[in-house]
Structures are given as structure tokens and as C-alpha cells.
file entry29.pdb (PDB, C-alpha atoms, pLDDT in the B column)
ATOM      1  CA  MET A  14     -97.501 -21.924  33.955  1.00 45.00           C
ATOM      2  CA  ARG A  15    -100.398 -20.158  32.292  1.00 47.00           C
ATOM      3  CA  HIS A  16    -100.111 -17.109  34.561  1.00 48.00           C
ATOM      4  CA  VAL A  17     -96.406 -16.820  33.619  1.00 46.00           C
ATOM      5  CA  GLU A  18     -97.297 -16.837  29.926  1.00 48.00           C
ATOM      6  CA  ARG A  19     -99.973 -14.211  30.452  1.00 48.00           C
ATOM      7  CA  GLN A  20     -97.520 -12.020  32.359  1.00 48.00           C
ATOM      8  CA  ALA A  21     -94.981 -12.361  29.550  1.00 48.00           C
ATOM      9  CA  GLU A  22     -97.630 -11.369  27.002  1.00 52.00           C
ATOM     10  CA  THR A  23     -98.401  -8.124  28.746  1.00 60.00           C
ATOM     11  CA  LYS A  24     -94.839  -7.195  29.663  1.00 69.00           C
ATOM     12  CA  PRO A  25     -93.606  -4.165  27.686  1.00 79.00           C
ATOM     13  CA  LEU A  26     -90.828  -4.997  25.249  1.00 87.00           C
ATOM     14  CA  THR A  27     -87.362  -3.511  25.570  1.00 89.00           C
ATOM     15  CA  GLU A  28     -86.265  -1.203  22.765  1.00 90.00           C
ATOM     16  CA  PRO A  29     -83.786  -3.684  21.190  1.00 91.00           C
ATOM     17  CA  VAL A  30     -86.439  -6.419  21.190  1.00 93.00           C
ATOM     18  CA  LEU A  31     -89.091  -4.128  19.712  1.00 94.00           C
ATOM     19  CA  LEU A  32     -86.701  -2.977  16.983  1.00 95.00           C
ATOM     20  CA  ILE A  33     -85.648  -6.527  16.112  1.00 96.00           C
ATOM     21  CA  LEU A  34     -89.242  -7.756  15.924  1.00 96.00           C
ATOM     22  CA  THR A  35     -90.191  -4.745  13.777  1.00 96.00           C
ATOM     23  CA  SER A  36     -87.242  -5.348  11.491  1.00 96.00           C
ATOM     24  CA  LEU A  37     -88.250  -8.980  11.013  1.00 96.00           C
ATOM     25  CA  ALA A  38     -91.930  -8.152  10.485  1.00 96.00           C
ATOM     26  CA  ASN A  39     -91.769  -7.974   6.696  1.00 94.00           C
ATOM     27  CA  GLN A  40     -88.981 -10.428   5.873  1.00 94.00           C
ATOM     28  CA  PRO A  41     -86.310 -12.696   7.397  1.00 95.00           C
ATOM     29  CA  ARG A  42     -82.924 -11.044   7.987  1.00 94.00           C
ATOM     30  CA  HIS A  43     -79.474 -12.100   9.156  1.00 93.00           C
ATOM     31  CA  GLY A  44     -77.403 -10.349  11.849  1.00 92.00           C
ATOM     32  CA  TYR A  45     -75.745  -7.603   9.850  1.00 93.00           C
ATOM     33  CA  ALA A  46     -78.904  -6.867   7.842  1.00 94.00           C
ATOM     34  CA  LEU A  47     -80.731  -6.487  11.161  1.00 95.00           C
ATOM     35  CA  LEU A  48     -78.154  -3.975  12.418  1.00 94.00           C
ATOM     36  CA  LYS A  49     -78.437  -1.910   9.250  1.00 94.00           C
ATOM     37  CA  ASP A  50     -82.225  -2.054   9.128  1.00 95.00           C
ATOM     38  CA  ILE A  51     -82.552  -1.073  12.781  1.00 95.00           C
ATOM     39  CA  GLU A  52     -80.260   1.885  12.190  1.00 92.00           C
ATOM     40  CA  GLY A  53     -82.526   2.959   9.332  1.00 93.00           C
ATOM     41  CA  LEU A  54     -85.750   2.298  11.274  1.00 92.00           C
ATOM     42  CA  SER A  55     -84.571   4.516  14.117  1.00 90.00           C
ATOM     43  CA  GLY A  56     -83.373   7.275  11.802  1.00 89.00           C
ATOM     44  CA  GLY A  57     -79.748   6.584  12.720  1.00 87.00           C
ATOM     45  CA  ARG A  58     -80.419   6.993  16.458  1.00 89.00           C
ATOM     46  CA  VAL A  59     -79.820   3.347  17.381  1.00 89.00           C
ATOM     47  CA  ARG A  60     -76.579   1.663  16.393  1.00 89.00           C
ATOM     48  CA  MET A  61     -76.827  -1.653  18.185  1.00 91.00           C
ATOM     49  CA  SER A  62     -73.634  -3.475  19.172  1.00 92.00           C
ATOM     50  CA  THR A  63     -73.266  -7.137  18.280  1.00 93.00           C
ATOM     51  CA  GLY A  64     -73.314  -7.995  22.003  1.00 92.00           C
ATOM     52  CA  THR A  65     -76.699  -6.334  22.439  1.00 92.00           C
ATOM     53  CA  LEU A  66     -78.059  -7.776  19.190  1.00 94.00           C
ATOM     54  CA  PHE A  67     -77.132 -11.377  19.879  1.00 94.00           C
ATOM     55  CA  GLY A  68     -78.161 -11.158  23.542  1.00 92.00           C
ATOM     56  CA  ALA A  69     -81.632 -10.129  22.363  1.00 93.00           C
ATOM     57  CA  LEU A  70     -81.665 -12.745  19.587  1.00 94.00           C
ATOM     58  CA  ARG A  71     -80.791 -15.474  22.093  1.00 93.00           C
ATOM     59  CA  ARG A  72     -83.667 -14.472  24.381  1.00 92.00           C
ATOM     60  CA  LEU A  73     -86.095 -14.269  21.450  1.00 94.00           C
ATOM     61  CA  LEU A  74     -85.052 -17.730  20.248  1.00 94.00           C
ATOM     62  CA  GLU A  75     -85.460 -19.147  23.754  1.00 91.00           C
ATOM     63  CA  ASP A  76     -88.920 -17.576  24.030  1.00 91.00           C
ATOM     64  CA  GLY A  77     -89.891 -18.902  20.604  1.00 94.00           C
ATOM     65  CA  TRP A  78     -90.647 -15.435  19.214  1.00 95.00           C
ATOM     66  CA  ILE A  79     -88.204 -15.878  16.320  1.00 95.00           C
ATOM     67  CA  GLU A  80     -86.734 -18.926  14.613  1.00 94.00           C
ATOM     68  CA  PRO A  81     -83.768 -19.653  12.331  1.00 92.00           C
ATOM     69  CA  PHE A  82     -84.615 -19.408   8.659  1.00 89.00           C
ATOM     70  CA  GLU A  83     -82.687 -21.268   5.979  1.00 82.00           C
ATOM     71  CA  GLN A  84     -82.016 -18.930   3.070  1.00 72.00           C
ATOM     72  CA  VAL A  85     -81.664 -20.147  -0.493  1.00 66.00           C
ATOM     73  CA  ASP A  86     -78.443 -18.149  -0.869  1.00 59.00           C
ATOM     74  CA  THR A  87     -75.920 -20.101   1.180  1.00 53.00           C
ATOM     75  CA  SER A  88     -72.841 -18.601  -0.476  1.00 48.00           C
ATOM     76  CA  ARG A  89     -71.878 -17.126   2.893  1.00 53.00           C
ATOM     77  CA  GLN A  90     -72.300 -18.502   6.370  1.00 65.00           C
ATOM     78  CA  LYS A  91     -75.066 -16.202   7.524  1.00 82.00           C
ATOM     79  CA  GLN A  92     -77.915 -17.337   9.713  1.00 90.00           C
ATOM     80  CA  ALA A  93     -81.184 -15.569   8.957  1.00 93.00           C
ATOM     81  CA  TYR A  94     -84.062 -15.279  11.441  1.00 95.00           C
ATOM     82  CA  ARG A  95     -87.788 -14.794  10.991  1.00 95.00           C
ATOM     83  CA  LEU A  96     -90.759 -14.079  13.232  1.00 96.00           C
ATOM     84  CA  THR A  97     -92.813 -16.960  14.548  1.00 95.00           C
ATOM     85  CA  THR A  98     -96.575 -16.701  14.973  1.00 95.00           C
ATOM     86  CA  VAL A  99     -96.021 -15.998  18.673  1.00 94.00           C
ATOM     87  CA  GLY A 100     -93.484 -13.268  17.889  1.00 95.00           C
ATOM     88  CA  ARG A 101     -95.819 -11.652  15.386  1.00 95.00           C
ATOM     89  CA  ARG A 102     -98.592 -11.615  17.967  1.00 94.00           C
ATOM     90  CA  GLN A 103     -96.264 -10.088  20.580  1.00 94.00           C
ATOM     91  CA  LEU A 104     -95.290  -7.343  18.156  1.00 95.00           C
ATOM     92  CA  GLN A 105     -98.945  -6.670  17.362  1.00 95.00           C
ATOM     93  CA  VAL A 106     -99.798  -6.414  21.073  1.00 93.00           C
ATOM     94  CA  GLU A 107     -96.927  -3.994  21.682  1.00 94.00           C
ATOM     95  CA  LEU A 108     -97.795  -1.807  18.687  1.00 94.00           C
ATOM     96  CA  ASP A 109    -101.446  -1.683  19.811  1.00 94.00           C
ATOM     97  CA  ARG A 110    -100.291  -0.623  23.254  1.00 93.00           C
ATOM     98  CA  MET A 111     -98.099   2.112  21.757  1.00 93.00           C
ATOM     99  CA  ARG A 112    -100.947   3.299  19.514  1.00 95.00           C
ATOM    100  CA  GLN A 113    -103.257   3.624  22.516  1.00 95.00           C
ATOM    101  CA  LEU A 114    -100.604   5.505  24.447  1.00 94.00           C
ATOM    102  CA  THR A 115     -99.909   7.800  21.497  1.00 95.00           C
ATOM    103  CA  ARG A 116    -103.606   8.582  21.095  1.00 95.00           C
ATOM    104  CA  ALA A 117    -103.979   9.346  24.789  1.00 95.00           C
ATOM    105  CA  GLY A 118    -100.862  11.534  24.749  1.00 95.00           C
ATOM    106  CA  PHE A 119    -102.030  13.575  21.740  1.00 94.00           C
ATOM    107  CA  ALA A 120    -105.521  13.915  23.201  1.00 94.00           C
ATOM    108  CA  ARG A 121    -104.127  15.371  26.392  1.00 94.00           C
ATOM    109  CA  LEU A 122    -101.844  17.727  24.492  1.00 93.00           C
ATOM    110  CA  ARG A 123    -104.775  18.979  22.434  1.00 91.00           C
ATOM    111  CA  ALA A 124    -106.866  19.417  25.583  1.00 91.00           C
ATOM    112  CA  SER A 125    -104.151  21.430  27.308  1.00 88.00           C
ATOM    113  CA  GLU A 126    -103.683  23.644  24.237  1.00 84.00           C
ATOM    114  CA  ALA A 127    -107.421  24.319  24.072  1.00 80.00           C
ATOM    115  CA  VAL A 128    -107.503  25.648  27.652  1.00 71.00           C
TER
ATOM    116  CA  MET B   6     -59.218  -5.637  16.580  1.00 75.00           C
ATOM    117  CA  LYS B   7     -60.775  -8.855  15.299  1.00 77.00           C
ATOM    118  CA  ARG B   8     -58.486 -10.890  17.542  1.00 81.00           C
ATOM    119  CA  ALA B   9     -59.436  -8.764  20.550  1.00 83.00           C
ATOM    120  CA  TYR B  10     -63.090  -9.306  19.701  1.00 85.00           C
ATOM    121  CA  GLN B  11     -62.669 -13.065  19.379  1.00 84.00           C
ATOM    122  CA  PHE B  12     -60.742 -13.117  22.649  1.00 83.00           C
ATOM    123  CA  MET B  13     -63.535 -11.251  24.405  1.00 84.00           C
ATOM    124  CA  LEU B  14     -66.080 -13.738  23.091  1.00 88.00           C
ATOM    125  CA  LEU B  15     -64.479 -16.144  25.574  1.00 88.00           C
ATOM    126  CA  LEU B  16     -66.271 -14.151  28.251  1.00 88.00           C
ATOM    127  CA  TYR B  17     -69.577 -15.712  27.181  1.00 89.00           C
ATOM    128  CA  PRO B  18     -70.882 -19.012  28.584  1.00 88.00           C
ATOM    129  CA  ARG B  19     -69.944 -21.980  26.451  1.00 87.00           C
ATOM    130  CA  GLY B  20     -73.489 -22.591  25.235  1.00 86.00           C
ATOM    131  CA  HIS B  21     -73.766 -19.057  23.903  1.00 87.00           C
ATOM    132  CA  ARG B  22     -70.317 -19.274  22.283  1.00 87.00           C
ATOM    133  CA  ASP B  23     -71.095 -22.565  20.590  1.00 87.00           C
ATOM    134  CA  ARG B  24     -74.302 -21.148  19.191  1.00 88.00           C
ATOM    135  CA  PHE B  25     -73.359 -17.565  18.268  1.00 90.00           C
ATOM    136  CA  ALA B  26     -69.592 -16.884  18.400  1.00 89.00           C
ATOM    137  CA  GLU B  27     -68.896 -17.520  14.724  1.00 89.00           C
ATOM    138  CA  GLU B  28     -71.940 -15.564  13.650  1.00 90.00           C
ATOM    139  CA  MET B  29     -71.123 -12.664  15.980  1.00 91.00           C
ATOM    140  CA  ALA B  30     -67.559 -12.487  14.673  1.00 91.00           C
ATOM    141  CA  GLY B  31     -68.869 -12.398  11.097  1.00 90.00           C
ATOM    142  CA  VAL B  32     -71.332  -9.582  11.815  1.00 91.00           C
ATOM    143  CA  PHE B  33     -68.659  -7.705  13.749  1.00 90.00           C
ATOM    144  CA  GLU B  34     -66.288  -7.977  10.809  1.00 90.00           C
ATOM    145  CA  GLU B  35     -68.857  -6.574   8.378  1.00 89.00           C
ATOM    146  CA  ALA B  36     -69.700  -3.687  10.700  1.00 87.00           C
ATOM    147  CA  ARG B  37     -66.003  -3.011  11.339  1.00 87.00           C
ATOM    148  CA  ASN B  38     -65.260  -2.797   7.615  1.00 85.00           C
ATOM    149  CA  GLU B  39     -68.042  -0.282   7.176  1.00 81.00           C
ATOM    150  CA  ARG B  40     -66.936   1.904  10.102  1.00 77.00           C
ATOM    151  CA  HIS B  41     -63.346   1.726   8.932  1.00 75.00           C
ATOM    152  CA  TYR B  42     -64.235   3.806   5.873  1.00 77.00           C
ATOM    153  CA  GLN B  43     -66.144   6.403   7.891  1.00 74.00           C
ATOM    154  CA  GLY B  44     -63.059   7.791   9.631  1.00 77.00           C
ATOM    155  CA  TRP B  45     -61.220   7.158  12.862  1.00 79.00           C
ATOM    156  CA  VAL B  46     -63.722   8.982  15.110  1.00 80.00           C
ATOM    157  CA  TRP B  47     -66.507   6.620  14.037  1.00 78.00           C
ATOM    158  CA  TYR B  48     -64.124   3.715  14.287  1.00 80.00           C
ATOM    159  CA  VAL B  49     -63.154   4.497  17.891  1.00 83.00           C
ATOM    160  CA  ARG B  50     -66.795   5.018  18.862  1.00 84.00           C
ATOM    161  CA  PHE B  51     -67.646   1.725  17.206  1.00 85.00           C
ATOM    162  CA  ALA B  52     -64.812  -0.102  19.011  1.00 85.00           C
ATOM    163  CA  VAL B  53     -65.808   1.274  22.429  1.00 87.00           C
ATOM    164  CA  SER B  54     -69.463   0.465  21.793  1.00 86.00           C
ATOM    165  CA  GLU B  55     -68.647  -3.088  20.713  1.00 88.00           C
ATOM    166  CA  MET B  56     -66.365  -3.831  23.659  1.00 87.00           C
ATOM    167  CA  THR B  57     -68.771  -2.451  26.264  1.00 87.00           C
ATOM    168  CA  GLY B  58     -71.624  -4.259  24.493  1.00 88.00           C
ATOM    169  CA  LEU B  59     -69.693  -7.508  24.707  1.00 88.00           C
ATOM    170  CA  ILE B  60     -68.950  -7.126  28.416  1.00 88.00           C
ATOM    171  CA  GLY B  61     -72.574  -6.265  29.161  1.00 87.00           C
ATOM    172  CA  GLY B  62     -73.825  -9.042  26.902  1.00 87.00           C
ATOM    173  CA  ALA B  63     -71.522 -11.602  28.500  1.00 87.00           C
ATOM    174  CA  ALA B  64     -72.562 -10.604  32.018  1.00 87.00           C
ATOM    175  CA  GLU B  65     -76.218 -10.840  31.001  1.00 85.00           C
ATOM    176  CA  ALA B  66     -75.654 -14.215  29.333  1.00 85.00           C
ATOM    177  CA  TRP B  67     -74.069 -15.595  32.515  1.00 85.00           C
ATOM    178  CA  VAL B  68     -76.929 -14.289  34.630  1.00 82.00           C
ATOM    179  CA  HIS B  69     -79.547 -15.873  32.348  1.00 76.00           C
ATOM    180  CA  ARG B  70     -77.514 -18.954  31.552  1.00 72.00           C
ATOM    181  CA  GLN B  71     -79.690 -21.998  30.921  1.00 62.00           C
ATOM    182  CA  PRO B  72     -78.715 -25.599  30.439  1.00 58.00           C
ATOM    183  CA  SER B  73     -78.418 -26.416  26.755  1.00 51.00           C
ATOM    184  CA  PRO B  74     -81.759 -27.757  25.492  1.00 49.00           C
ATOM    185  CA  GLU B  75     -80.014 -29.993  22.985  1.00 51.00           C
ATOM    186  CA  PRO B  76     -77.132 -31.864  24.631  1.00 49.00           C
ATOM    187  CA  LEU B  77     -74.632 -33.392  22.249  1.00 49.00           C
ATOM    188  CA  GLU B  78     -75.638 -36.955  21.550  1.00 52.00           C
ATOM    189  CA  ALA B  79     -72.056 -38.149  21.432  1.00 52.00           C
ATOM    190  CA  GLU B  80     -71.490 -37.140  25.056  1.00 51.00           C
ATOM    191  CA  PRO B  81     -72.776 -39.275  27.916  1.00 51.00           C
ATOM    192  CA  PRO B  82     -75.168 -37.549  30.364  1.00 53.00           C
ATOM    193  CA  ALA B  83     -73.436 -35.200  32.814  1.00 52.00           C
ATOM    194  CA  CYS B  84     -74.060 -37.529  35.754  1.00 54.00           C
ATOM    195  CA  GLU B  85     -72.129 -40.278  33.982  1.00 60.00           C
ATOM    196  CA  LEU B  86     -69.109 -38.140  33.100  1.00 69.00           C
ATOM    197  CA  PRO B  87     -65.833 -39.383  34.528  1.00 78.00           C
ATOM    198  CA  GLN B  88     -64.831 -37.413  37.595  1.00 79.00           C
ATOM    199  CA  GLU B  89     -61.635 -36.199  35.948  1.00 80.00           C
ATOM    200  CA  LEU B  90     -63.543 -34.824  32.959  1.00 81.00           C
ATOM    201  CA  ALA B  91     -66.177 -33.132  35.108  1.00 81.00           C
ATOM    202  CA  GLU B  92     -63.474 -31.463  37.205  1.00 81.00           C
ATOM    203  CA  ALA B  93     -61.606 -30.248  34.106  1.00 82.00           C
ATOM    204  CA  GLN B  94     -64.827 -28.722  32.746  1.00 82.00           C
ATOM    205  CA  GLN B  95     -65.586 -27.083  36.095  1.00 79.00           C
ATOM    206  CA  ARG B  96     -62.076 -25.599  36.161  1.00 80.00           C
ATOM    207  CA  VAL B  97     -62.659 -23.970  32.769  1.00 80.00           C
ATOM    208  CA  ASP B  98     -66.076 -22.626  33.831  1.00 80.00           C
ATOM    209  CA  ARG B  99     -64.662 -21.244  37.097  1.00 78.00           C
ATOM    210  CA  ASN B 100     -61.825 -19.501  35.251  1.00 77.00           C
ATOM    211  CA  VAL B 101     -64.168 -17.903  32.725  1.00 78.00           C
ATOM    212  CA  ALA B 102     -66.512 -16.708  35.496  1.00 76.00           C
ATOM    213  CA  ALA B 103     -63.552 -15.238  37.421  1.00 76.00           C
ATOM    214  CA  MET B 104     -62.313 -13.541  34.243  1.00 75.00           C
ATOM    215  CA  VAL B 105     -65.719 -11.925  33.627  1.00 74.00           C
ATOM    216  CA  GLN B 106     -65.763 -10.761  37.241  1.00 71.00           C
ATOM    217  CA  ALA B 107     -62.252  -9.311  36.955  1.00 72.00           C
ATOM    218  CA  ILE B 108     -63.095  -7.388  33.766  1.00 72.00           C
ATOM    219  CA  ALA B 109     -66.324  -6.114  35.275  1.00 67.00           C
ATOM    220  CA  ASN B 110     -64.235  -4.797  38.215  1.00 67.00           C
ATOM    221  CA  HIS B 111     -61.689  -3.252  35.802  1.00 68.00           C
ATOM    222  CA  GLN B 112     -58.966  -5.589  37.166  1.00 69.00           C
ATOM    223  CA  PHE B 113     -57.397  -6.045  33.758  1.00 71.00           C
ATOM    224  CA  GLU B 114     -54.056  -7.363  34.997  1.00 73.00           C
ATOM    225  CA  ARG B 115     -55.855 -10.082  36.954  1.00 75.00           C
ATOM    226  CA  ALA B 116     -58.044 -10.782  33.911  1.00 75.00           C
ATOM    227  CA  ARG B 117     -54.912 -11.296  31.809  1.00 76.00           C
ATOM    228  CA  VAL B 118     -53.512 -13.779  34.338  1.00 77.00           C
ATOM    229  CA  LEU B 119     -56.854 -15.583  34.497  1.00 79.00           C
ATOM    230  CA  SER B 120     -56.961 -15.677  30.710  1.00 78.00           C
ATOM    231  CA  GLY B 121     -53.678 -17.626  30.689  1.00 78.00           C
ATOM    232  CA  GLU B 122     -55.033 -20.010  33.316  1.00 79.00           C
ATOM    233  CA  GLU B 123     -58.238 -20.402  31.328  1.00 79.00           C
ATOM    234  CA  ARG B 124     -56.274 -21.311  28.203  1.00 79.00           C
ATOM    235  CA  ARG B 125     -54.258 -23.926  30.114  1.00 80.00           C
ATOM    236  CA  ALA B 126     -57.425 -25.310  31.706  1.00 81.00           C
ATOM    237  CA  ARG B 127     -59.032 -25.555  28.257  1.00 81.00           C
ATOM    238  CA  ASP B 128     -55.967 -27.402  26.899  1.00 81.00           C
ATOM    239  CA  THR B 129     -56.168 -29.814  29.829  1.00 83.00           C
ATOM    240  CA  LEU B 130     -59.883 -30.316  29.204  1.00 82.00           C
ATOM    241  CA  GLN B 131     -59.151 -31.119  25.571  1.00 81.00           C
ATOM    242  CA  LEU B 132     -56.591 -33.744  26.593  1.00 82.00           C
ATOM    243  CA  VAL B 133     -58.971 -35.298  29.106  1.00 82.00           C
ATOM    244  CA  ARG B 134     -61.747 -35.366  26.489  1.00 80.00           C
ATOM    245  CA  GLN B 135     -59.434 -37.158  24.074  1.00 80.00           C
ATOM    246  CA  LYS B 136     -58.476 -39.583  26.810  1.00 80.00           C
ATOM    247  CA  TYR B 137     -62.125 -40.562  27.349  1.00 79.00           C
ATOM    248  CA  GLY B 138     -63.018 -40.344  23.657  1.00 78.00           C
ATOM    249  CA  VAL B 139     -65.506 -37.523  24.187  1.00 75.00           C
ATOM    250  CA  THR B 140     -66.078 -35.332  21.141  1.00 65.00           C
ATOM    251  CA  GLY B 141     -67.653 -31.874  20.745  1.00 54.00           C
TER
END

call {"tool": "encode", "arguments": {"input": "entry29.pdb", "output": "C-alpha cells"}}
result
Amino acid sequence: MRHVERQAETKPLTEPVLLILTSLANQPRHGYALLKDIEGLSGGRVRMSTGTLFGALRRLLEDGWIEPFEQVDTSRQKQAYRLTTVGRRQLQVELDRMRQLTRAGFARLRASEAV
Amino acid sequence: MKRAYQFMLLLYPRGHRDRFAEEMAGVFEEARNERHYQGWVWYVRFAVSEMTGLIGGAAEAWVHRQPSPEPLEAEPPACELPQELAEAQQRVDRNVAAMVQAIANHQFERARVLSGEERRARDTLQLVRQKYGVTG
């Protein structure tokens, strides 16, 4: 079982999953707030459908990367979600990976321009 | 549009529907209201995106379907279900799976027929559940 967990830790995240985790990084959000925030995060490039959003949310809940969060404001039936410790770690790992890749990419660009 | 969306939610496995259908419909409604004021081009793009997203999401949910981790306490374990009830549930599941398959193959006429059968099978299931006093 441990090797499965390790494999899951190093598996690159899909774009919807990465965007959802990033959106939840600073505060819990419900479905529609996630859609709007993701649209803003991606500069309007990603307009996620509800089918894609809730498919990703279901997988993240099953994996224990996010959890339901009871909001104080219960005037409307909206379920909010927040990152778990595991989800936060997964996001950190993915962002570190992207930072390394970005550094390597820029370094190579600079090297090719210098030639 | 909302009715069409709710109808298409039937494409999802029951576990997913029980957990997310109401929430999905609510989010869809909020997004639809917003797009409605942005003009018909945005609205059509939104509608196409939502419907294709639902079909893809439903197919993916069926592929990754898992047994519910929290079975309803009021229901007896599956192995102890009366034969009649188990068969009625299987009929509903088979119809939904066939409907997803038909839509994925663009056989919309067949999907419509299967939808009617699915509704009748669900009604039958409800009656059988009442007969055995099973709730949920």
C-alpha cells in the first residue's frame, strides 16, 4: 500500500485539480465561488463546467485532499470545501516541481540566447 | 435548460447523484444566471460546455465508480436484500448504464426510449422499496 501512496504523491496533478487546490489554498470555498476564482486565477482562460468541477471534487474528497467545511452562513444550501493537510502537502509538492521546471526552462532559454 | 440539466444528472451513478446532484444544480443555476446577462453567444457556449462536461463527467464517474463508503443504516446489507428488491435496483442501474452508452454513441432516440424505461424501472423500485419498508 505504501508504494501506491508514494506513486500518488509524485504523480503530476491535472490542471483542474491543481486549480482547485490553488483556489482552496487561502480559504474554504463552495462550488460557484471555486468556478469564479479559478476563472480569475487563470486570467479567464479556464471556465470549468460543473461536470468537470464536481468530478474533480469527488476524486479529491475520496483521496482525502479536501474535506467539507461547515460555514457559519447557512442562509443558502452551499457546501464549502477546504484543503486537508494532505492536500496542502500535495499542492506544495506540485508547486515545487513547477518551480524547478520553470527555473530549468528559463536557464536553458538564457543559455541559448547567450550563444 | 435547468430541467435538461437535471435530467442529464440522471446519467451519473446513484452514489454521485445522492452526494452532488443538488449542489451541482445549484452551482449550474448561478452560473447560468450570470451567462444569461452576457448575451446569447456566451449562453450557447456555456450550454454546450455544460452538457459536454456532464456527459464526460458521467462517463468518468461510471468508470471510477466505487461502492459507497457510508451505506445507509436503515437499509439491510446488500446480501440480505430481498431478491425482488435487488432485481429492481439492478434494472435501474442497467437502464442508466445503457442510457449513458446510447448518449455517448449519439443514439439520442434510443436514449429517449431508455429514459422512459429508466423512469418506469425507478417507479417500480420505489414501490418495491415501500413494500419491504426500505427507506432512502

call {"tool": "resolve_selection", "arguments": {"input": "entry29.pdb", "expression": "the ChimeraX specification (/B :<12) & /A", "output": "list in words"}}
result
His43, Gly44, Tyr45, Ala46, Leu47, Leu48, Lys49, Val59, Arg60, Met61, Ser62, Thr63, Gly64, Thr65, Leu66, Phe67, Gly68, Ala69, Leu70, Arg71, Arg72, Leu74, Glu75, Pro81, Arg89, Gln90, Lys91, Gln92 and Ala93 of chain A

call {"tool": "atom_distance", "arguments": {"input": "entry29.pdb", "atom1": "atom CA of B:Glu114", "atom2": "atom CA of B:Arg127"}}
result
20.0 Å

call {"tool": "residues_around", "arguments": {"input": "entry29.pdb", "residues": "B:Leu90", "least_positions_apart": "2", "cutoff": "8 Å", "atoms": "all atoms listed in the file", "output": "VMD selection string"}}
result
chain B and resid 86 to 88 92 to 94 130 133 to 134

call {"tool": "atom_distance", "arguments": {"input": "entry29.pdb", "atom1": "atom CA of A:Leu37", "atom2": "atom CA of A:Val99"}}
result
13.0 Å

call {"tool": "atom_distance", "arguments": {"input": "entry29.pdb", "atom1": "atom CA of B:Glu123", "atom2": "atom CA of B:Arg96"}}
result
8.1 Å

call {"tool": "residues_around", "arguments": {"input": "entry29.pdb", "residues": "stretch 110-117 of chain A", "least_positions_apart": "2", "cutoff": "12 Å", "atoms": "only C-alpha atoms", "output": "PyMOL selection string"}}
result
chain A and resi 22-26+31+103-108+119-124

call {"tool": "write_last_selection", "arguments": {"input": "entry29.pdb", "atoms": "C-alpha atoms", "output": "PDB file, in the frame of the given file"}}
result
ATOM      1  CA  GLU A  22     -97.630 -11.369  27.002  1.00 52.00           C
ATOM      2  CA  THR A  23     -98.401  -8.124  28.746  1.00 60.00           C
ATOM      3  CA  LYS A  24     -94.839  -7.195  29.663  1.00 69.00           C
ATOM      4  CA  PRO A  25     -93.606  -4.165  27.686  1.00 79.00           C
ATOM      5  CA  LEU A  26     -90.828  -4.997  25.249  1.00 87.00           C
ATOM      6  CA  LEU A  31     -89.091  -4.128  19.712  1.00 94.00           C
ATOM      7  CA  GLN A 103     -96.264 -10.088  20.580  1.00 94.00           C
ATOM      8  CA  LEU A 104     -95.290  -7.343  18.156  1.00 95.00           C
ATOM      9  CA  GLN A 105     -98.945  -6.670  17.362  1.00 95.00           C
ATOM     10  CA  VAL A 106     -99.798  -6.414  21.073  1.00 93.00           C
ATOM     11  CA  GLU A 107     -96.927  -3.994  21.682  1.00 94.00           C
ATOM     12  CA  LEU A 108     -97.795  -1.807  18.687  1.00 94.00           C
ATOM     13  CA  PHE A 119    -102.030  13.575  21.740  1.00 94.00           C
ATOM     14  CA  ALA A 120    -105.521  13.915  23.201  1.00 94.00           C
ATOM     15  CA  ARG A 121    -104.127  15.371  26.392  1.00 94.00           C
ATOM     16  CA  LEU A 122    -101.844  17.727  24.492  1.00 93.00           C
ATOM     17  CA  ARG A 123    -104.775  18.979  22.434  1.00 91.00           C
ATOM     18  CA  ALA A 124    -106.866  19.417  25.583  1.00 91.00           C
TER      19      ALA A 124
END

call {"tool": "residues_around", "arguments": {"input": "entry29.pdb", "residues": "A:Gln40", "least_positions_apart": "6", "cutoff": "10 Å", "atoms": "all atoms listed in the file", "output": "PyMOL selection string"}}
result
chain A and resi 93-96

call {"tool": "write_last_selection", "arguments": {"input": "entry29.pdb", "atoms": "C-alpha atoms", "output": "compact mmCIF listing (two decimals), in the coordinates of the input"}}
result
# COMPACT_ATOMS: atom_id res chain seq x y z
CA ALA A 93 -81.18 -15.57 8.96
CA TYR A 94 -84.06 -15.28 11.44
CA ARG A 95 -87.79 -14.79 10.99
CA LEU A 96 -90.76 -14.08 13.23

call {"tool": "closest_residue", "arguments": {"input": "entry29.pdb", "among": "A:Gln84, A:Leu73, A:Arg101, A:Thr35", "to": "A:Ile51", "atoms": "all atoms listed in the file"}}
result
A:Thr35

call {"tool": "resolve_selection", "arguments": {"input": "entry29.pdb", "expression": "the PyMOL selection byres ((chain B and resi 101) around 8)", "output": "MDAnalysis selection string"}}
result
chainID B and resid 15:16 18 97:100 102:105 119:120 123

call {"tool": "closest_residue", "arguments": {"input": "entry29.pdb", "among": "A:Gly53, A:Leu34, A:Val128, A:Arg58", "to": "A:Thr97", "atoms": "all atoms listed in the file"}}
result
A:Leu34

call {"tool": "closest_residue", "arguments": {"input": "entry29.pdb", "among": "B:Gly44, B:Arg19, B:Arg37, B:Lys136", "to": "B:Gln95", "atoms": "all atoms listed in the file"}}
result
B:Arg19

call {"tool": "closest_residue", "arguments": {"input": "entry29.pdb", "among": "B:Arg50, B:Met13, B:Val68, B:Lys7", "to": "B:Ile108", "atoms": "all atoms listed in the file"}}
result
B:Met13

call {"tool": "build_atoms", "arguments": {"input": "entry29.pdb", "residues": "stretch 131-138 of chain B", "atoms": "N, CA and C atoms", "output": "PDB file, in the frame of the given file"}}
result
ATOM      1  N   GLN B 131     -59.219 -30.484  26.887  1.00 81.00           N
ATOM      2  CA  GLN B 131     -59.151 -31.119  25.571  1.00 81.00           C
ATOM      3  C   GLN B 131     -58.449 -32.473  25.668  1.00 81.00           C
ATOM      4  N   LEU B 132     -57.337 -32.490  26.437  1.00 82.00           N
ATOM      5  CA  LEU B 132     -56.591 -33.744  26.593  1.00 82.00           C
ATOM      6  C   LEU B 132     -57.438 -34.801  27.298  1.00 82.00           C
ATOM      7  N   VAL B 133     -58.138 -34.361  28.348  1.00 82.00           N
ATOM      8  CA  VAL B 133     -58.971 -35.298  29.106  1.00 82.00           C
ATOM      9  C   VAL B 133     -60.103 -35.837  28.226  1.00 82.00           C
ATOM     10  N   ARG B 134     -60.675 -34.940  27.406  1.00 80.00           N
ATOM     11  CA  ARG B 134     -61.747 -35.366  26.489  1.00 80.00           C
ATOM     12  C   ARG B 134     -61.234 -36.426  25.519  1.00 80.00           C
ATOM     13  N   GLN B 135     -60.027 -36.177  25.005  1.00 80.00           N
ATOM     14  CA  GLN B 135     -59.434 -37.158  24.074  1.00 80.00           C
ATOM     15  C   GLN B 135     -59.211 -38.483  24.784  1.00 80.00           C
ATOM     16  N   LYS B 136     -58.761 -38.379  26.034  1.00 80.00           N
ATOM     17  CA  LYS B 136     -58.476 -39.583  26.810  1.00 80.00           C
ATOM     18  C   LYS B 136     -59.733 -40.462  26.947  1.00 80.00           C
ATOM     19  N   TYR B 137     -60.889 -39.804  27.151  1.00 79.00           N
ATOM     20  CA  TYR B 137     -62.125 -40.562  27.349  1.00 79.00           C
ATOM     21  C   TYR B 137     -62.933 -40.703  26.046  1.00 79.00           C
ATOM     22  N   GLY B 138     -62.337 -40.200  24.955  1.00 78.00           N
ATOM     23  CA  GLY B 138     -63.018 -40.344  23.657  1.00 78.00           C
ATOM     24  C   GLY B 138     -64.287 -39.536  23.545  1.00 78.00           C
TER      25      GLY B 138
END
